[in-house]
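Asks: Sharing run.csv below, CSV, N, CA and C atoms and all ligand atoms:
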```csv
chain,number,residue,atom,x,y,z
A,15,MET,N,-32.0,-11.0,-19.4
A,15,MET,CA,-31.9,-11.5,-18.1
A,15,MET,C,-32.4,-10.5,-17.1
A,16,SER,N,-33.1,-11.0,-16.1
A,16,SER,CA,-33.7,-10.0,-15.1
A,16,SER,C,-32.7,-9.9,-13.9
A,17,ASP,N,-31.6,-10.7,-13.9
A,17,ASP,CA,-30.7,-10.6,-12.8
A,17,ASP,C,-29.9,-9.3,-12.9
A,18,THR,N,-29.8,-8.6,-11.7
A,18,THR,CA,-29.1,-7.4,-11.6
A,18,THR,C,-28.0,-7.6,-10.6
A,19,LYS,N,-27.1,-6.7,-10.5
A,19,LYS,CA,-26.0,-6.7,-9.5
A,19,LYS,C,-26.6,-6.6,-8.1
A,20,ALA,N,-27.7,-5.8,-8.0
A,20,ALA,CA,-28.3,-5.6,-6.7
A,20,ALA,C,-28.9,-6.8,-6.1
A,21,ALA,N,-29.4,-7.7,-7.0
A,21,ALA,CA,-29.9,-9.0,-6.5
A,21,ALA,C,-28.8,-9.8,-5.9
A,22,SER,N,-29.3,-10.8,-5.1
A,22,SER,CA,-28.3,-11.7,-4.5
A,22,SER,C,-27.4,-12.4,-5.5
A,23,PRO,N,-26.1,-12.2,-5.4
A,23,PRO,CA,-25.2,-12.8,-6.3
A,23,PRO,C,-24.9,-14.3,-5.9
A,24,ALA,N,-25.7,-14.8,-4.9
A,24,ALA,CA,-25.3,-16.0,-4.3
A,24,ALA,C,-25.2,-17.1,-5.2
A,25,ALA,N,-24.2,-17.9,-5.0
A,25,ALA,CA,-24.0,-19.1,-5.8
A,25,ALA,C,-24.9,-20.2,-5.1
A,26,PRO,N,-25.2,-21.3,-5.7
A,26,PRO,CA,-26.0,-22.3,-5.1
A,26,PRO,C,-25.3,-22.7,-3.8
A,27,GLY,N,-26.1,-22.8,-2.7
A,27,GLY,CA,-25.6,-23.2,-1.4
A,27,GLY,C,-25.1,-22.0,-0.6
A,28,CYS,N,-25.0,-20.9,-1.2
A,28,CYS,CA,-24.5,-19.7,-0.4
A,28,CYS,C,-25.7,-19.0,0.2
A,29,LEU,N,-25.4,-18.2,1.2
A,29,LEU,CA,-26.4,-17.5,1.9
A,29,LEU,C,-27.1,-16.4,1.1
A,30,THR,N,-28.3,-16.3,1.3
A,30,THR,CA,-29.1,-15.2,0.6
A,30,THR,C,-28.8,-13.9,1.3
A,31,ASP,N,-29.2,-12.8,0.6
A,31,ASP,CA,-29.1,-11.5,1.3
A,31,ASP,C,-29.9,-11.4,2.6
A,32,ALA,N,-31.1,-12.1,2.6
A,32,ALA,CA,-31.9,-12.1,3.8
A,32,ALA,C,-31.2,-12.8,4.9
A,33,GLN,N,-30.5,-13.9,4.6
A,33,GLN,CA,-29.8,-14.7,5.6
A,33,GLN,C,-28.6,-13.9,6.2
A,34,ILE,N,-28.0,-13.1,5.3
A,34,ILE,CA,-26.8,-12.3,5.8
A,34,ILE,C,-27.4,-11.1,6.6
A,35,ALA,N,-28.5,-10.6,6.2
A,35,ALA,CA,-29.1,-9.5,7.1
A,35,ALA,C,-29.5,-10.1,8.4
A,36,GLU,N,-29.9,-11.4,8.4
A,36,GLU,CA,-30.3,-12.0,9.7
A,36,GLU,C,-29.0,-12.2,10.6
A,37,LEU,N,-27.9,-12.5,10.0
A,37,LEU,CA,-26.7,-12.7,10.7
A,37,LEU,C,-26.3,-11.3,11.3
A,38,HIS,N,-26.5,-10.3,10.6
A,38,HIS,CA,-26.1,-9.0,11.1
A,38,HIS,C,-27.0,-8.5,12.3
A,39,SER,N,-28.2,-9.0,12.3
A,39,SER,CA,-29.1,-8.6,13.3
A,39,SER,C,-29.0,-9.3,14.6
A,40,VAL,N,-28.4,-10.5,14.6
A,40,VAL,CA,-28.3,-11.2,15.9
A,40,VAL,C,-27.0,-10.8,16.6
A,41,ALA,N,-27.0,-11.1,17.9
A,41,ALA,CA,-25.8,-10.8,18.7
A,41,ALA,C,-24.7,-11.7,18.3
A,42,PRO,N,-23.4,-11.3,18.5
A,42,PRO,CA,-22.3,-12.2,18.2
A,42,PRO,C,-22.4,-13.5,19.0
A,43,GLY,N,-22.2,-14.6,18.3
A,43,GLY,CA,-22.2,-15.9,19.0
A,43,GLY,C,-23.6,-16.5,19.0
A,44,ARG,N,-24.6,-15.7,18.5
A,44,ARG,CA,-26.0,-16.2,18.6
A,44,ARG,C,-26.5,-16.5,17.2
A,45,ALA,N,-25.7,-16.5,16.2
A,45,ALA,CA,-26.2,-16.8,14.9
A,45,ALA,C,-26.7,-18.2,14.8
A,46,PRO,N,-27.7,-18.4,13.9
A,46,PRO,CA,-28.2,-19.8,13.7
A,46,PRO,C,-27.0,-20.7,13.3
A,47,ASP,N,-27.0,-21.8,13.8
A,47,ASP,CA,-25.9,-22.8,13.6
A,47,ASP,C,-25.6,-23.0,12.1
A,48,ALA,N,-26.6,-23.2,11.3
A,48,ALA,CA,-26.4,-23.6,9.9
A,48,ALA,C,-25.8,-22.4,9.2
A,49,LEU,N,-26.3,-21.2,9.5
A,49,LEU,CA,-25.7,-20.0,8.8
A,49,LEU,C,-24.3,-19.8,9.2
A,50,ALA,N,-24.0,-19.9,10.5
A,50,ALA,CA,-22.7,-19.7,11.0
A,50,ALA,C,-21.7,-20.7,10.4
A,51,ARG,N,-22.2,-21.9,10.3
A,51,ARG,CA,-21.3,-22.9,9.8
A,51,ARG,C,-20.9,-22.6,8.3
A,52,HIS,N,-21.9,-22.2,7.6
A,52,HIS,CA,-21.6,-21.9,6.2
A,52,HIS,C,-20.7,-20.7,6.1
A,53,LEU,N,-21.0,-19.7,6.9
A,53,LEU,CA,-20.2,-18.5,6.9
A,53,LEU,C,-18.8,-18.7,7.2
A,54,ALA,N,-18.5,-19.7,8.1
A,54,ALA,CA,-17.2,-20.0,8.6
A,54,ALA,C,-16.4,-20.6,7.5
A,55,SER,N,-17.1,-21.3,6.5
A,55,SER,CA,-16.3,-22.0,5.5
A,55,SER,C,-16.4,-21.4,4.1
A,56,CYS,N,-17.1,-20.3,4.0
A,56,CYS,CA,-17.3,-19.8,2.6
A,56,CYS,C,-16.7,-18.4,2.5
A,57,GLU,N,-15.6,-18.2,1.8
A,57,GLU,CA,-15.0,-16.9,1.7
A,57,GLU,C,-15.9,-15.9,1.0
A,58,ARG,N,-16.7,-16.4,0.1
A,58,ARG,CA,-17.6,-15.5,-0.6
A,58,ARG,C,-18.6,-14.9,0.3
A,59,CYS,N,-19.2,-15.7,1.1
A,59,CYS,CA,-20.2,-15.2,2.0
A,59,CYS,C,-19.6,-14.3,3.1
A,60,GLN,N,-18.4,-14.6,3.5
A,60,GLN,CA,-17.7,-13.8,4.5
A,60,GLN,C,-17.5,-12.4,3.9
A,61,ALA,N,-17.1,-12.3,2.7
A,61,ALA,CA,-16.9,-11.0,2.0
A,61,ALA,C,-18.2,-10.3,1.9
A,62,ARG,N,-19.2,-11.0,1.6
A,62,ARG,CA,-20.6,-10.3,1.5
A,62,ARG,C,-21.0,-9.9,2.8
A,63,ALA,N,-20.8,-10.6,3.9
A,63,ALA,CA,-21.2,-10.2,5.2
A,63,ALA,C,-20.4,-9.1,5.8
A,64,LEU,N,-19.1,-9.1,5.5
A,64,LEU,CA,-18.2,-8.0,6.0
A,64,LEU,C,-18.3,-6.7,5.2
A,65,PHE,N,-18.3,-6.9,3.9
A,65,PHE,CA,-18.1,-5.7,3.0
A,65,PHE,C,-19.4,-5.4,2.3
A,66,GLY,N,-20.4,-6.2,2.4
A,66,GLY,CA,-21.6,-6.0,1.7
A,66,GLY,C,-21.6,-6.4,0.2
A,67,ALA,N,-20.5,-6.8,-0.2
A,67,ALA,CA,-20.4,-7.3,-1.6
A,67,ALA,C,-19.2,-8.2,-1.7
A,68,GLU,N,-19.1,-8.9,-2.8
A,68,GLU,CA,-17.9,-9.7,-3.0
A,68,GLU,C,-16.8,-8.7,-3.2
A,69,ARG,N,-15.6,-9.1,-2.8
A,69,ARG,CA,-14.5,-8.2,-3.0
A,69,ARG,C,-14.1,-8.4,-4.5
A,70,ARG,N,-13.8,-7.2,-5.0
A,70,ARG,CA,-13.3,-7.3,-6.4
A,70,ARG,C,-11.9,-7.9,-6.3
A,71,PRO,N,-11.6,-8.8,-7.3
A,71,PRO,CA,-10.3,-9.3,-7.3
A,71,PRO,C,-9.3,-8.2,-7.5
A,72,GLY,N,-8.3,-8.1,-6.6
A,72,GLY,CA,-7.3,-7.1,-6.7
A,72,GLY,C,-6.5,-7.3,-8.0
A,73,ARG,N,-5.7,-6.2,-8.2
A,73,ARG,CA,-4.8,-6.3,-9.3
A,73,ARG,C,-3.8,-7.5,-9.0
A,74,THR,N,-3.9,-8.5,-9.8
A,74,THR,CA,-3.0,-9.6,-9.6
A,74,THR,C,-1.7,-9.4,-10.3
A,75,LYS,N,-0.6,-9.6,-9.5
A,75,LYS,CA,0.7,-9.4,-10.1
A,75,LYS,C,1.0,-10.6,-11.0
A,76,ASP,N,1.6,-10.3,-12.1
A,76,ASP,CA,2.0,-11.3,-13.0
A,76,ASP,C,3.1,-12.1,-12.3
A,77,ARG,N,3.0,-13.4,-12.3
A,77,ARG,CA,4.0,-14.2,-11.7
A,77,ARG,C,5.2,-14.2,-12.6
A,78,PRO,N,6.4,-14.1,-11.9
A,78,PRO,CA,7.6,-14.1,-12.8
A,78,PRO,C,7.7,-15.5,-13.5
A,79,GLN,N,8.1,-15.3,-14.7
A,79,GLN,CA,8.3,-16.5,-15.5
A,79,GLN,C,9.5,-17.3,-15.0
A,80,PRO,N,9.5,-18.6,-15.0
A,80,PRO,CA,10.7,-19.4,-14.7
A,80,PRO,C,11.7,-19.1,-15.8
A,81,PRO,N,13.0,-19.2,-15.4
A,81,PRO,CA,14.0,-19.0,-16.4
A,81,PRO,C,14.0,-20.0,-17.5
A,82,THR,N,14.4,-19.6,-18.7
A,82,THR,CA,14.4,-20.6,-19.7
A,82,THR,C,15.6,-21.6,-19.4
A,83,LEU,N,15.5,-22.7,-20.1
A,83,LEU,CA,16.5,-23.7,-19.9
A,83,LEU,C,17.9,-23.2,-20.2
A,84,ARG,N,18.1,-22.4,-21.2
A,84,ARG,CA,19.4,-21.8,-21.6
A,84,ARG,C,19.9,-20.9,-20.5
A,85,ARG,N,19.0,-20.1,-19.9
A,85,ARG,CA,19.5,-19.2,-18.8
A,85,ARG,C,19.8,-20.0,-17.6
A,86,ALA,N,19.0,-21.1,-17.3
A,86,ALA,CA,19.3,-21.9,-16.1
A,86,ALA,C,20.7,-22.6,-16.3
A,87,LEU,N,20.9,-23.1,-17.5
A,87,LEU,CA,22.2,-23.8,-17.7
A,87,LEU,C,23.4,-22.8,-17.6
A,88,LEU,N,23.1,-21.5,-18.2
A,88,LEU,CA,24.2,-20.5,-18.1
A,88,LEU,C,24.5,-20.2,-16.6
A,89,LEU,N,23.4,-20.0,-15.8
A,89,LEU,CA,23.6,-19.7,-14.4
A,89,LEU,C,24.3,-20.9,-13.7
A,90,ALA,N,24.0,-22.1,-14.0
A,90,ALA,CA,24.6,-23.2,-13.4
A,90,ALA,C,26.1,-23.2,-13.8
A,91,ALA,N,26.4,-22.9,-15.0
A,91,ALA,CA,27.8,-22.9,-15.5
A,91,ALA,C,28.6,-21.8,-14.8
A,92,LEU,N,28.0,-20.6,-14.6
A,92,LEU,CA,28.6,-19.6,-13.9
A,92,LEU,C,28.9,-19.9,-12.4
A,93,VAL,N,27.9,-20.6,-11.8
A,93,VAL,CA,28.1,-21.0,-10.4
A,93,VAL,C,29.3,-22.0,-10.3
A,94,LEU,N,29.3,-23.0,-11.2
A,94,LEU,CA,30.4,-24.0,-11.2
A,94,LEU,C,31.7,-23.3,-11.5
A,95,ALA,N,31.8,-22.3,-12.4
A,95,ALA,CA,33.0,-21.6,-12.7
A,95,ALA,C,33.5,-20.9,-11.4
A,96,ALA,N,32.5,-20.2,-10.7
A,96,ALA,CA,32.9,-19.5,-9.5
A,96,ALA,C,33.4,-20.4,-8.4
A,97,MET,N,32.8,-21.6,-8.3
A,97,MET,CA,33.2,-22.6,-7.3
A,97,MET,C,34.6,-23.1,-7.7
A,98,ALA,N,34.8,-23.4,-9.0
A,98,ALA,CA,36.1,-23.9,-9.4
A,98,ALA,C,37.2,-22.8,-9.1
A,99,ALA,N,36.9,-21.6,-9.4
A,99,ALA,CA,37.9,-20.5,-9.1
A,99,ALA,C,38.1,-20.4,-7.6
A,100,PHE,N,37.1,-20.6,-6.8
A,100,PHE,CA,37.3,-20.5,-5.4
A,100,PHE,C,38.2,-21.6,-4.9
A,101,PHE,N,37.9,-22.9,-5.3
A,101,PHE,CA,38.7,-24.0,-4.9
A,101,PHE,C,40.2,-23.9,-5.4
A,102,TRP,N,40.3,-23.4,-6.6
A,102,TRP,CA,41.7,-23.2,-7.2
A,102,TRP,C,42.4,-22.2,-6.3
A,103,THR,N,41.8,-21.1,-5.9
A,103,THR,CA,42.4,-20.1,-5.1
A,103,THR,C,42.7,-20.7,-3.7
A,104,LEU,N,41.8,-21.5,-3.2
A,104,LEU,CA,42.0,-22.1,-1.9
A,104,LEU,C,43.3,-23.0,-1.9
A,105,GLN,N,43.4,-23.8,-3.0
A,105,GLN,CA,44.5,-24.7,-3.2
A,105,GLN,C,45.8,-23.9,-3.3
A,106,LYS,N,45.7,-22.8,-4.0
A,106,LYS,CA,46.9,-22.0,-4.2
A,106,LYS,C,47.3,-21.4,-2.9
A,107,LEU,N,46.4,-20.9,-2.1
A,107,LEU,CA,46.7,-20.3,-0.8
A,107,LEU,C,47.2,-21.3,0.2
A,108,ALA,N,46.8,-22.5,0.0
A,108,ALA,CA,47.2,-23.6,0.9
A,108,ALA,C,48.6,-24.1,0.5
A,109,GLY,N,49.1,-23.6,-0.6
A,109,GLY,CA,50.4,-24.0,-1.1
A,109,GLY,C,50.4,-25.4,-1.7
A,110,ARG,N,49.3,-25.9,-2.1
A,110,ARG,CA,49.3,-27.3,-2.6
A,110,ARG,C,49.6,-27.2,-4.1
A,111,ILE,N,49.4,-26.1,-4.8
A,111,ILE,CA,49.8,-25.9,-6.2
A,111,ILE,C,50.7,-24.7,-6.3
A,112,GLU,N,51.6,-24.8,-7.3
A,112,GLU,CA,52.6,-23.8,-7.4
A,112,GLU,C,52.0,-22.5,-8.1
A,201,ZN,ZN,-21.3,-19.0,0.7
```
Could you express the structure from this file as structure tokens?
Replies:
Amino acid sequence: MSDTKAASPAAPGCLTDAQIAELHSVAPGRAPDALARHLASCERCQARALFGAERRPGRTKDRPQPPTLRRALLLAALVLAAMAAFFWTLQKLAGRIE
């Protein structure tokens, strides 16, 4: 392959390096309409225009795993037990049970 990282990494439809250089050379607000419109909607080209390259994807945090069904049921049971104890205590304090 003759493609190198230095060459435009543009995906189809994205701005070329020359178009991004053109955007840099014009005054703010004076960019050609088609280029500005693409730049406004394309995160990739925004990164290339601002940083000169695509941003490397940051270290992505592993998403926490949802609890297993057993753990979820155990948690629900503990919550119900705590609520039952609370209402039992409430009844006791209200004098409704001996
Ligand atoms: Zn683009």
Asks: List as JSON lines every residue of chain A that is in contact with ligand ZN 201 (chain A), defined as an atom at most 6 Å from one of its atoms (using all atoms listed in the file), together with the nearest atom pair and the distance in Å rounded to one decimal, sorted by chain and then rising number.
Replies:
```
{"residue": "A:Gly27", "atom": "C", "partner": "A:ZN201", "partner_atom": "ZN", "distance": 5.0}
{"residue": "A:Cys28", "atom": "CA", "partner": "A:ZN201", "partner_atom": "ZN", "distance": 3.5}
{"residue": "A:Leu29", "atom": "N", "partner": "A:ZN201", "partner_atom": "ZN", "distance": 4.2}
{"residue": "A:His52", "atom": "C", "partner": "A:ZN201", "partner_atom": "ZN", "distance": 5.7}
{"residue": "A:Cys56", "atom": "CA", "partner": "A:ZN201", "partner_atom": "ZN", "distance": 4.5}
{"residue": "A:Glu57", "atom": "N", "partner": "A:ZN201", "partner_atom": "ZN", "distance": 5.9}
{"residue": "A:Arg58", "atom": "C", "partner": "A:ZN201", "partner_atom": "ZN", "distance": 4.9}
{"residue": "A:Cys59", "atom": "N", "partner": "A:ZN201", "partner_atom": "ZN", "distance": 3.9}
{"residue": "A:Gln60", "atom": "N", "partner": "A:ZN201", "partner_atom": "ZN", "distance": 6.0}
```
Asks: Once DSSP has gone over the backbone, tell me which residues of chain A are in alpha helix (DSSP H), as number ranges by chain.
Replies: A: 31-39, 47-55, 57-65, 83-107
Asks: Provide the CA of Gly66 in chain A to CA of Ile34 in chain A distance in Å, to one decimal place.
Replies: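 Between these atoms lies a distance of 9.1 Å.
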Asks: What separation in Å, quoted to one decimal, exists between CA of Val93 in chain A and CA of Lys106 in chain A?
Replies: 19.8 Å
Asks: Quick check, in Å to one decimal: how far apart do atom N of Phe100 in chain A and atom N of Pro80 in chain A lie?
Replies: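 The value is 28.9 Å.
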